[in-house]
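Trainee: One file: input-v8.pdb (PDB, C-alpha atoms and all ligand atoms).
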```pdb
ATOM      1  CA  MET A   1      40.845 -90.932  50.788
ATOM      2  CA  ALA A   2      37.203 -90.111  51.510
ATOM      3  CA  PRO A   3      34.715 -92.599  50.081
ATOM      4  CA  GLU A   4      32.768 -91.298  47.099
ATOM      5  CA  ALA A   5      29.301 -89.984  47.798
ATOM      6  CA  PRO A   6      26.527 -92.317  46.583
ATOM      7  CA  PRO A   7      25.442 -91.314  43.053
ATOM      8  CA  TYR A   8      21.751 -91.406  44.013
ATOM      9  CA  THR A   9      19.374 -92.286  46.827
ATOM     10  CA  LEU A  10      16.897 -95.098  46.267
ATOM     11  CA  LEU A  11      13.904 -95.808  48.467
ATOM     12  CA  ILE A  12      12.503 -99.313  48.379
ATOM     13  CA  ILE A  13       9.039 -99.873  49.819
ATOM     14  CA  GLU A  14       8.611-103.614  50.176
ATOM     15  CA  ASP A  15       7.606-105.889  53.043
ATOM     16  CA  GLU A  16       9.521-108.949  51.842
ATOM     17  CA  ILE A  17      13.079-108.705  53.090
ATOM     18  CA  GLU A  18      14.360-111.161  50.443
ATOM     19  CA  ILE A  19      13.151-108.865  47.672
ATOM     20  CA  THR A  20      14.670-105.828  49.361
ATOM     21  CA  ARG A  21      17.976-107.675  49.575
ATOM     22  CA  ALA A  22      17.746-108.769  45.945
ATOM     23  CA  VAL A  23      17.219-105.153  44.867
ATOM     24  CA  GLY A  24      20.250-104.077  46.893
ATOM     25  CA  ALA A  25      22.351-106.830  45.355
ATOM     26  CA  ALA A  26      21.176-105.978  41.829
ATOM     27  CA  LEU A  27      22.251-102.362  42.270
ATOM     28  CA  ARG A  28      25.521-103.002  44.091
ATOM     29  CA  GLU A  29      27.644-101.831  41.163
ATOM     30  CA  GLN A  30      25.729 -98.558  40.954
ATOM     31  CA  ASN A  31      26.397 -98.083  44.682
ATOM     32  CA  PRO A  32      23.328 -96.002  45.609
ATOM     33  CA  ALA A  33      22.311 -95.009  49.110
ATOM     34  CA  ILE A  34      19.381 -97.327  49.822
ATOM     35  CA  ILE A  35      16.594 -96.535  52.263
ATOM     36  CA  GLU A  36      14.279 -99.389  53.180
ATOM     37  CA  ALA A  37      10.645 -99.159  54.233
ATOM     38  CA  SER A  38       8.605-102.273  54.964
ATOM     39  CA  GLY A  39       5.174-100.651  54.606
ATOM     40  CA  GLY A  40       3.235 -97.888  52.882
ATOM     41  CA  LYS A  41       3.139 -95.539  55.864
ATOM     42  CA  THR A  42       6.859 -95.753  56.654
ATOM     43  CA  GLY A  43       7.502 -95.471  52.912
ATOM     44  CA  LEU A  44       5.537 -92.225  52.664
ATOM     45  CA  ASP A  45       7.378 -90.848  55.683
ATOM     46  CA  ALA A  46      10.701 -91.757  54.056
ATOM     47  CA  VAL A  47       9.716 -90.000  50.809
ATOM     48  CA  LYS A  48       9.144 -86.791  52.763
ATOM     49  CA  SER A  49      12.160 -87.039  55.065
ATOM     50  CA  SER A  50      14.798 -88.453  52.694
ATOM     51  CA  HIS A  51      13.905 -87.002  49.273
ATOM     52  CA  PRO A  52      14.902 -90.127  47.321
ATOM     53  CA  ASP A  53      15.951 -89.770  43.675
ATOM     54  CA  ILE A  54      14.029 -92.889  42.717
ATOM     55  CA  ILE A  55      11.461 -95.123  44.409
ATOM     56  CA  ILE A  56      10.805 -98.831  43.994
ATOM     57  CA  LEU A  57       7.300 -99.602  45.213
ATOM     58  CA  ASP A  58       5.921-103.073  45.797
ATOM     59  CA  LEU A  59       2.266-103.479  44.897
ATOM     60  CA  GLY A  60       1.367-105.797  47.759
ATOM     61  CA  LEU A  61       1.987-103.988  51.033
ATOM     62  CA  PRO A  62       0.611-105.027  54.420
ATOM     63  CA  ASP A  63      -0.828-101.676  55.516
ATOM     64  CA  LEU A  64      -1.841 -99.535  52.541
ATOM     65  CA  ASP A  65      -3.046-100.118  48.995
ATOM     66  CA  GLY A  66      -0.236 -99.809  46.439
ATOM     67  CA  LEU A  67      -2.302 -97.454  44.262
ATOM     68  CA  GLU A  68      -2.918 -95.100  47.178
ATOM     69  CA  VAL A  69       0.764 -95.131  48.125
ATOM     70  CA  CYS A  70       1.709 -94.376  44.508
ATOM     71  CA  GLN A  71      -0.694 -91.438  44.278
ATOM     72  CA  ARG A  72       0.463 -90.009  47.596
ATOM     73  CA  ILE A  73       4.122 -90.290  46.574
ATOM     74  CA  ARG A  74       3.352 -88.617  43.236
ATOM     75  CA  ALA A  75       1.647 -85.767  45.097
ATOM     76  CA  VAL A  76       4.895 -84.841  46.852
ATOM     77  CA  THR A  77       7.708 -85.720  44.423
ATOM     78  CA  ASP A  78       8.516 -86.018  40.711
ATOM     79  CA  ALA A  79      11.071 -88.757  41.398
ATOM     80  CA  PRO A  80      10.619 -91.832  39.180
ATOM     81  CA  ILE A  81       8.503 -94.608  40.674
ATOM     82  CA  ILE A  82       9.110 -98.185  39.550
ATOM     83  CA  VAL A  83       6.404-100.613  40.617
ATOM     84  CA  LEU A  84       7.205-104.191  41.585
ATOM     85  CA  THR A  85       4.469-106.513  40.501
ATOM     86  CA  ALA A  86       3.862-110.242  40.525
ATOM     87  CA  ARG A  87       2.221-110.838  37.175
ATOM     88  CA  HIS A  88       2.438-109.475  33.662
ATOM     89  CA  GLY A  89      -0.536-107.381  32.677
ATOM     90  CA  GLU A  90      -1.891-107.243  36.185
ATOM     91  CA  ALA A  91      -4.799-104.802  36.252
ATOM     92  CA  ASP A  92      -3.249-103.114  39.282
ATOM     93  CA  THR A  93      -0.026-102.504  37.380
ATOM     94  CA  VAL A  94      -1.920-100.702  34.645
ATOM     95  CA  ALA A  95      -3.831 -98.669  37.239
ATOM     96  CA  LEU A  96      -0.528 -97.699  38.867
ATOM     97  CA  LEU A  97       1.001 -96.585  35.584
ATOM     98  CA  ASN A  98      -2.136 -94.555  34.938
ATOM     99  CA  ALA A  99      -1.752 -93.108  38.446
ATOM    100  CA  GLY A 100       1.735 -91.796  37.768
ATOM    101  CA  ALA A 101       4.167 -94.681  38.171
ATOM    102  CA  ASP A 102       6.929 -94.534  35.545
ATOM    103  CA  ASP A 103       7.695 -98.181  34.950
ATOM    104  CA  TYR A 104       7.163-101.636  36.359
ATOM    105  CA  ILE A 105       9.212-104.759  36.976
ATOM    106  CA  ILE A 106       7.775-108.227  37.209
ATOM    107  CA  LYS A 107       8.828-110.527  40.046
ATOM    108  CA  PRO A 108      10.934-112.590  39.922
ATOM    109  CA  PHE A 109      13.186-110.101  38.128
ATOM    110  CA  SER A 110      16.660-110.529  36.728
ATOM    111  CA  THR A 111      19.476-108.543  38.285
ATOM    112  CA  GLN A 112      20.429-107.013  34.935
ATOM    113  CA  GLU A 113      16.864-105.999  34.114
ATOM    114  CA  LEU A 114      16.354-104.241  37.424
ATOM    115  CA  ALA A 115      19.689-102.416  37.194
ATOM    116  CA  ALA A 116      18.924-101.349  33.609
ATOM    117  CA  ARG A 117      15.410-100.131  34.425
ATOM    118  CA  VAL A 118      16.651 -98.087  37.381
ATOM    119  CA  ALA A 119      19.465 -96.576  35.290
ATOM    120  CA  ALA A 120      17.017 -95.771  32.472
ATOM    121  CA  GLN A 121      14.604 -94.012  34.825
ATOM    122  CA  LEU A 122      17.409 -91.973  36.383
ATOM    123  CA  ARG A 123      18.578 -90.940  32.889
ATOM    124  CA  ARG A 124      15.037 -89.891  31.980
ATOM    125  CA  ALA A 125      14.686 -87.939  35.216
ATOM    126  CA  ALA A 126      17.999 -86.153  34.623
ATOM    127  CA  VAL A 127      16.998 -84.631  31.287
ATOM    128  CA  PRO A 128      14.328 -81.947  31.066
ATOM    129  CA  ARG A 129      10.996 -83.431  30.073
ATOM    130  CA  HIS A 130      10.600 -82.195  26.553
ATOM    131  CA  ALA A 131      10.235 -84.242  23.457
ATOM    132  CA  PRO A 132      13.332 -84.664  21.300
ATOM    133  CA  VAL A 133      13.214 -82.621  18.080
ATOM    134  CA  SER A 134      14.342 -85.461  15.897
ATOM    135  CA  ILE A 135      14.929 -89.145  16.353
ATOM    136  CA  ASN A 136      17.088 -91.465  14.293
ATOM    137  CA  ALA A 137      16.479 -95.098  14.983
ATOM    138  CA  ASP A 138      17.073 -98.252  13.019
ATOM    139  CA  GLY A 139      17.421 -96.380   9.707
ATOM    140  CA  LEU A 140      14.315 -94.323  10.391
ATOM    141  CA  SER A 141      14.391 -90.568  10.925
ATOM    142  CA  ILE A 142      11.528 -88.802  12.630
ATOM    143  CA  ASP A 143      11.271 -85.022  12.587
ATOM    144  CA  ILE A 144       8.795 -84.000  15.243
ATOM    145  CA  HIS A 145       8.435 -80.375  14.105
ATOM    146  CA  LEU A 146       8.017 -81.140  10.419
ATOM    147  CA  ARG A 147       5.797 -84.129  11.280
ATOM    148  CA  GLN A 148       7.912 -86.087   8.841
ATOM    149  CA  VAL A 149       9.106 -89.668   8.885
ATOM    150  CA  LYS A 150      11.717 -90.982   6.457
ATOM    151  CA  ARG A 151      13.248 -94.368   5.837
ATOM    152  CA  GLY A 152      16.581 -93.412   4.290
ATOM    153  CA  PRO A 153      15.662 -90.825   1.610
ATOM    154  CA  MET A 154      12.121 -92.185   1.246
ATOM    155  CA  LEU A 155       9.208 -90.390   2.846
ATOM    156  CA  VAL A 156       6.982 -92.657   4.954
ATOM    157  CA  ARG A 157       3.355 -91.647   4.711
ATOM    158  CA  LEU A 158       1.425 -91.878   7.951
ATOM    159  CA  THR A 159      -2.250 -91.258   8.583
ATOM    160  CA  PRO A 160      -3.042 -88.534  11.152
ATOM    161  CA  ILE A 161      -3.873 -91.177  13.784
ATOM    162  CA  GLU A 162      -0.653 -93.091  13.098
ATOM    163  CA  TRP A 163       1.293 -89.859  13.411
ATOM    164  CA  GLU A 164      -0.434 -89.007  16.708
ATOM    165  CA  ILE A 165       0.394 -92.424  18.155
ATOM    166  CA  LEU A 166       4.016 -92.111  17.052
ATOM    167  CA  ALA A 167       4.227 -88.543  18.393
ATOM    168  CA  VAL A 168       2.947 -89.607  21.823
ATOM    169  CA  LEU A 169       5.264 -92.619  22.054
ATOM    170  CA  THR A 170       8.329 -90.668  20.897
ATOM    171  CA  SER A 171       7.549 -87.750  23.232
ATOM    172  CA  ASP A 172       9.147 -89.815  25.976
ATOM    173  CA  PRO A 173      11.312 -92.595  24.514
ATOM    174  CA  GLY A 174      11.640 -95.579  26.802
ATOM    175  CA  ARG A 175       8.544 -94.776  28.803
ATOM    176  CA  VAL A 176       5.739 -97.305  28.781
ATOM    177  CA  PHE A 177       2.415 -95.750  27.810
ATOM    178  CA  THR A 178      -0.642 -97.698  28.903
ATOM    179  CA  HIS A 179      -3.463 -98.376  26.434
ATOM    180  CA  GLN A 180      -5.573 -95.886  28.339
ATOM    181  CA  GLN A 181      -2.924 -93.146  28.273
ATOM    182  CA  LEU A 182      -2.382 -93.584  24.537
ATOM    183  CA  PHE A 183      -6.088 -93.696  23.830
ATOM    184  CA  LYS A 184      -6.715 -90.530  25.795
ATOM    185  CA  ALA A 185      -3.772 -88.697  24.223
ATOM    186  CA  VAL A 186      -4.601 -89.666  20.653
ATOM    187  CA  TRP A 187      -8.395 -89.674  20.590
ATOM    188  CA  ASN A 188      -8.962 -87.335  23.515
ATOM    189  CA  ARG A 189     -11.719 -89.620  24.674
ATOM    190  CA  PRO A 190     -12.162 -91.746  27.771
ATOM    191  CA  TYR A 191     -11.187 -95.381  27.725
ATOM    192  CA  GLY A 192     -13.312 -97.381  25.318
ATOM    193  CA  ASP A 193     -12.270-100.312  23.190
ATOM    194  CA  ALA A 194      -8.804 -98.835  23.353
ATOM    195  CA  ARG A 195      -6.851-102.027  22.941
ATOM    196  CA  LEU A 196      -8.603-103.042  19.757
ATOM    197  CA  TYR A 197      -8.356 -99.580  18.192
ATOM    198  CA  LEU A 198      -4.735 -99.313  19.157
ATOM    199  CA  ARG A 199      -3.842-102.759  17.898
ATOM    200  CA  VAL A 200      -5.261-101.996  14.453
ATOM    201  CA  HIS A 201      -3.412 -98.703  14.126
ATOM    202  CA  LEU A 202      -0.222-100.071  15.671
ATOM    203  CA  THR A 203      -0.198-102.892  13.135
ATOM    204  CA  ASN A 204      -0.456-100.378  10.294
ATOM    205  CA  LEU A 205       2.136 -98.076  11.837
ATOM    206  CA  ARG A 206       4.596-100.911  12.334
ATOM    207  CA  ARG A 207       4.110-102.052   8.767
ATOM    208  CA  LYS A 208       5.278 -98.612   7.684
ATOM    209  CA  ILE A 209       8.131 -97.902  10.081
ATOM    210  CA  GLU A 210       9.570-101.216  11.252
ATOM    211  CA  ARG A 211      12.120-103.091   9.154
ATOM    212  CA  ASP A 212      10.411-106.322  10.133
ATOM    213  CA  PRO A 213       6.859-105.648  11.356
ATOM    214  CA  ALA A 214       6.686-109.205  12.710
ATOM    215  CA  ASP A 215       9.694-108.505  14.922
ATOM    216  CA  PRO A 216       9.281-104.850  15.931
ATOM    217  CA  ARG A 217      12.341-103.072  17.320
ATOM    218  CA  LEU A 218      11.029 -99.523  17.600
ATOM    219  CA  ILE A 219       7.581 -99.872  19.129
ATOM    220  CA  ILE A 220       7.643-102.584  21.756
ATOM    221  CA  THR A 221       4.490-104.248  23.079
ATOM    222  CA  GLU A 222       4.234-104.583  26.837
ATOM    223  CA  PRO A 223       1.704-107.414  27.003
ATOM    224  CA  GLY A 224      -1.498-106.474  28.800
ATOM    225  CA  VAL A 225      -0.102-103.032  29.628
ATOM    226  CA  GLY A 226       0.691-100.885  26.597
ATOM    227  CA  TYR A 227       3.535 -99.830  24.314
ATOM    228  CA  ARG A 228       6.872 -98.081  24.464
ATOM    229  CA  PHE A 229       9.124 -96.534  21.836
ATOM    230  CA  VAL A 230      12.694 -97.725  22.159
ATOM    231  CA  ALA A 231      15.444 -95.727  20.500
ATOM    232  CA  GLU A 232      18.771 -94.099  20.948
ATOM    233  CA  TRP A 233      18.674 -90.622  19.558
TER     234      TRP A 233
HETATM  235 CA    CA B 301       4.829-107.478  49.128
END
```
Using structure tokens, write down the structure that the file contains.
Ligand code: CA

Mentor:
Amino acid sequence: MAPEAPPYTLLIIEDEIEITRAVGAALREQNPAIIEASGGKTGLDAVKSSHPDIIILDLGLPDLDGLEVCQRIRAVTDAPIIVLTARHGEADTVALLNAGADDYIIKPFSTQELAARVAAQLRRAAVPRHAPVSINADGLSIDIHLRQVKRGPMLVRLTPIEWEILAVLTSDPGRVFTHQQLFKAVWNRPYGDARLYLRVHLTNLRRKIERDPADPRLIITEPGVGYRFVAEW
């Protein structure tokens, strides 16, 4: 019996062999074809020659800046890019997300988290990028076209800004939006005191849509980075 073809091809760009091995081990059950590159230049070559379905990119590479590598990958492929980073809220991580990376994983990472993030990105990449028409999550129903939010039969009244924030977050459920991306999308202005503005409106929005605003399940804070909407729909 011929062995099954790998379900997807993953490129890992990382100079630390232990991390590369850990990624391989974490994804063993998914059984992808894994291509390894130990630097930015070889990584960029591999993107062009191997057309990976997903890329894991380490921030700290010996030859090229992670941001530059990310931008150059994004210029040639739409494949999801997951950044490996050392610290939560690292300024570089935010810059990478703003530069087109899709998600990030903090080192040291758990096997389950890495496998789940990779699977989630592949799911997102497999569906056409258009916002869902309606979302039902945690007893809340959101109708994007009607611009209507209901908790059970009760209408939830949102301010225009709250609606805009919710519309941006739900346009791509599961994706992390940085403060800057949200600020630009909602206010159509360059980055200002985005975090403060956002925090105020997010607090109000959560008070209206979360069952327990102190323990939000729908809009998740990514500390130092931004927010993501989490829902099955
Ligand atoms: Ca490294």

Trainee: What is the atom CA of A:Thr85-atom CA of A:Ile106 distance in Å, reported with one decimal?

Mentor: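 Atom-to-atom, atom CA of A:Thr85 to atom CA of A:Ile106, that is 5.0 Å.
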
Trainee: Taking the file as shown, what set of residues would the PyMOL selection byres (((chain A and resi 198) around 12) and not hetatm) give back, as a JSON list (two decimals) with C-alpha atoms, keeping the file's coordinate frame?

Mentor:
```json
[["chain", "number", "residue", "atom", "x", "y", "z"],
["A", 161, "ILE", "CA", -3.87, -91.18, 13.78],
["A", 162, "GLU", "CA", -0.65, -93.09, 13.10],
["A", 164, "GLU", "CA", -0.43, -89.01, 16.71],
["A", 165, "ILE", "CA", 0.39, -92.42, 18.16],
["A", 166, "LEU", "CA", 4.02, -92.11, 17.05],
["A", 177, "PHE", "CA", 2.42, -95.75, 27.81],
["A", 178, "THR", "CA", -0.64, -97.70, 28.90],
["A", 179, "HIS", "CA", -3.46, -98.38, 26.43],
["A", 180, "GLN", "CA", -5.57, -95.89, 28.34],
["A", 181, "GLN", "CA", -2.92, -93.15, 28.27],
["A", 182, "LEU", "CA", -2.38, -93.58, 24.54],
["A", 183, "PHE", "CA", -6.09, -93.70, 23.83],
["A", 184, "LYS", "CA", -6.72, -90.53, 25.80],
["A", 185, "ALA", "CA", -3.77, -88.70, 24.22],
["A", 186, "VAL", "CA", -4.60, -89.67, 20.65],
["A", 187, "TRP", "CA", -8.40, -89.67, 20.59],
["A", 191, "TYR", "CA", -11.19, -95.38, 27.72],
["A", 192, "GLY", "CA", -13.31, -97.38, 25.32],
["A", 193, "ASP", "CA", -12.27, -100.31, 23.19],
["A", 194, "ALA", "CA", -8.80, -98.84, 23.35],
["A", 195, "ARG", "CA", -6.85, -102.03, 22.94],
["A", 196, "LEU", "CA", -8.60, -103.04, 19.76],
["A", 197, "TYR", "CA", -8.36, -99.58, 18.19],
["A", 199, "ARG", "CA", -3.84, -102.76, 17.90],
["A", 200, "VAL", "CA", -5.26, -102.00, 14.45],
["A", 201, "HIS", "CA", -3.41, -98.70, 14.13],
["A", 202, "LEU", "CA", -0.22, -100.07, 15.67],
["A", 203, "THR", "CA", -0.20, -102.89, 13.14],
["A", 204, "ASN", "CA", -0.46, -100.38, 10.29],
["A", 205, "LEU", "CA", 2.14, -98.08, 11.84],
["A", 206, "ARG", "CA", 4.60, -100.91, 12.33],
["A", 221, "THR", "CA", 4.49, -104.25, 23.08],
["A", 226, "GLY", "CA", 0.69, -100.88, 26.60],
["A", 227, "TYR", "CA", 3.54, -99.83, 24.31]]
```

Trainee: Identify all residues satisfying the PyMOL selection byres (((not hetatm)) within 7 of (chain B and resi 301)) in the given file; provide them as a CSV table (one decimal) with C-alpha atoms, keeping the file's coordinate frame.

Mentor:
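What ended up in out23.csv:
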```csv
chain,number,residue,atom,x,y,z
A,14,GLU,CA,8.6,-103.6,50.2
A,15,ASP,CA,7.6,-105.9,53.0
A,16,GLU,CA,9.5,-108.9,51.8
A,58,ASP,CA,5.9,-103.1,45.8
A,59,LEU,CA,2.3,-103.5,44.9
A,60,GLY,CA,1.4,-105.8,47.8
A,61,LEU,CA,2.0,-104.0,51.0
```

Trainee: Provide an axis-aligned box for all listed atoms of stretch 54-71 of chain A, padding each side by 5 Å; report its centre and its edge lengths in Å to one decimal, as AutoDock Vina command-line options.

Mentor:
```
--center_x 5.5 --center_y -98.6 --center_z 49.1 --size_x 27.1 --size_y 24.4 --size_z 22.8
```

Trainee: Just want the 8 Å neighbourhood of A:Ile105, counted on only C-alpha atoms, with same-chain residues fewer than 6 positions away dropped. Output as a list of chain:residue names.

Mentor: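 Listed by chain and then number, they are A:Ile82, A:Val83, A:Leu84, A:Thr85, A:Leu114.
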
Trainee: Evaluate the PyMOL selection byres (((chain A and resi 141) around 10) and not hetatm) on the structure here and hand back the selected residues as a PyMOL selection string.

Mentor: chain A and resi 134-140+142-144+148-153+155-156+209+233

Trainee: So that I can see what lies close to A:Thr111, please list as a list of chain:residue names the residues with an atom at most 9 Å from it, counting only C-alpha atoms and leaving out residues fewer than 2 positions away in the same chain.

Mentor: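 Once the adjacent positions are removed, what remains is A:Ala22, A:Val23, A:Ala25, A:Ala26, A:Leu27, A:Phe109, A:Glu113, A:Leu114, A:Ala115, A:Ala116.
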
Trainee: Let me make sure I understand: among A:Leu11, A:Val225, A:Ala75, A:Met154, which one has the smallest atom-to-atom distance to A:Val47 if we use only C-alpha atoms?

Mentor: A:Leu11

Trainee: Which distance in Å separates atom CA of A:Ala101 and atom CA of A:Ile81, to one decimal?

Mentor: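 About the pair atom CA of A:Ala101 and atom CA of A:Ile81: they are 5.0 Å apart.
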
Trainee: Please measure the separation of atom CA of A:His145 and atom CA of A:Val133, giving the value in Å to one decimal.

Mentor: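 One can read the atom CA of A:His145 to atom CA of A:Val133 distance as 6.6 Å.
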
Trainee: From the list A:Ala231, A:Thr77, A:Ser38, A:Arg87, which residue is nearest A:Pro216 when using all atoms listed in the file?

Mentor: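 Among the listed residues, A:Ala231 lies closest to A:Pro216.
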
Trainee: Hey, which of A:Gln121, A:Leu97, A:Asp92, A:Gly43 ends up closest to A:Arg72? Count only C-alpha atoms.

Mentor: A:Gly43

Trainee: Taking all atoms listed in the file into account, name the residue in A:Arg21, A:Lys41, A:Arg117, A:Arg157 that is nearest to A:Ile54.

Mentor: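 Nearest candidate to A:Ile54 out of A:Arg21, A:Lys41, A:Arg117, A:Arg157: A:Arg117.
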
Trainee: Please list as a list in words every residue within 10 Å of A:Asp45, counting only C-alpha atoms and excluding residues in the same chain fewer than 6 positions away.

Mentor: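 Counting only the stated atoms, we get Ala37, His51 and Ile73 of chain A.
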
Trainee: Which one is closest to A:Cys70: A:Ile13, A:Ala120, A:Ala167, A:Val176? Count all atoms listed in the file.

Mentor: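 Of the candidates, the smallest distance to A:Cys70 is held by A:Ile13.
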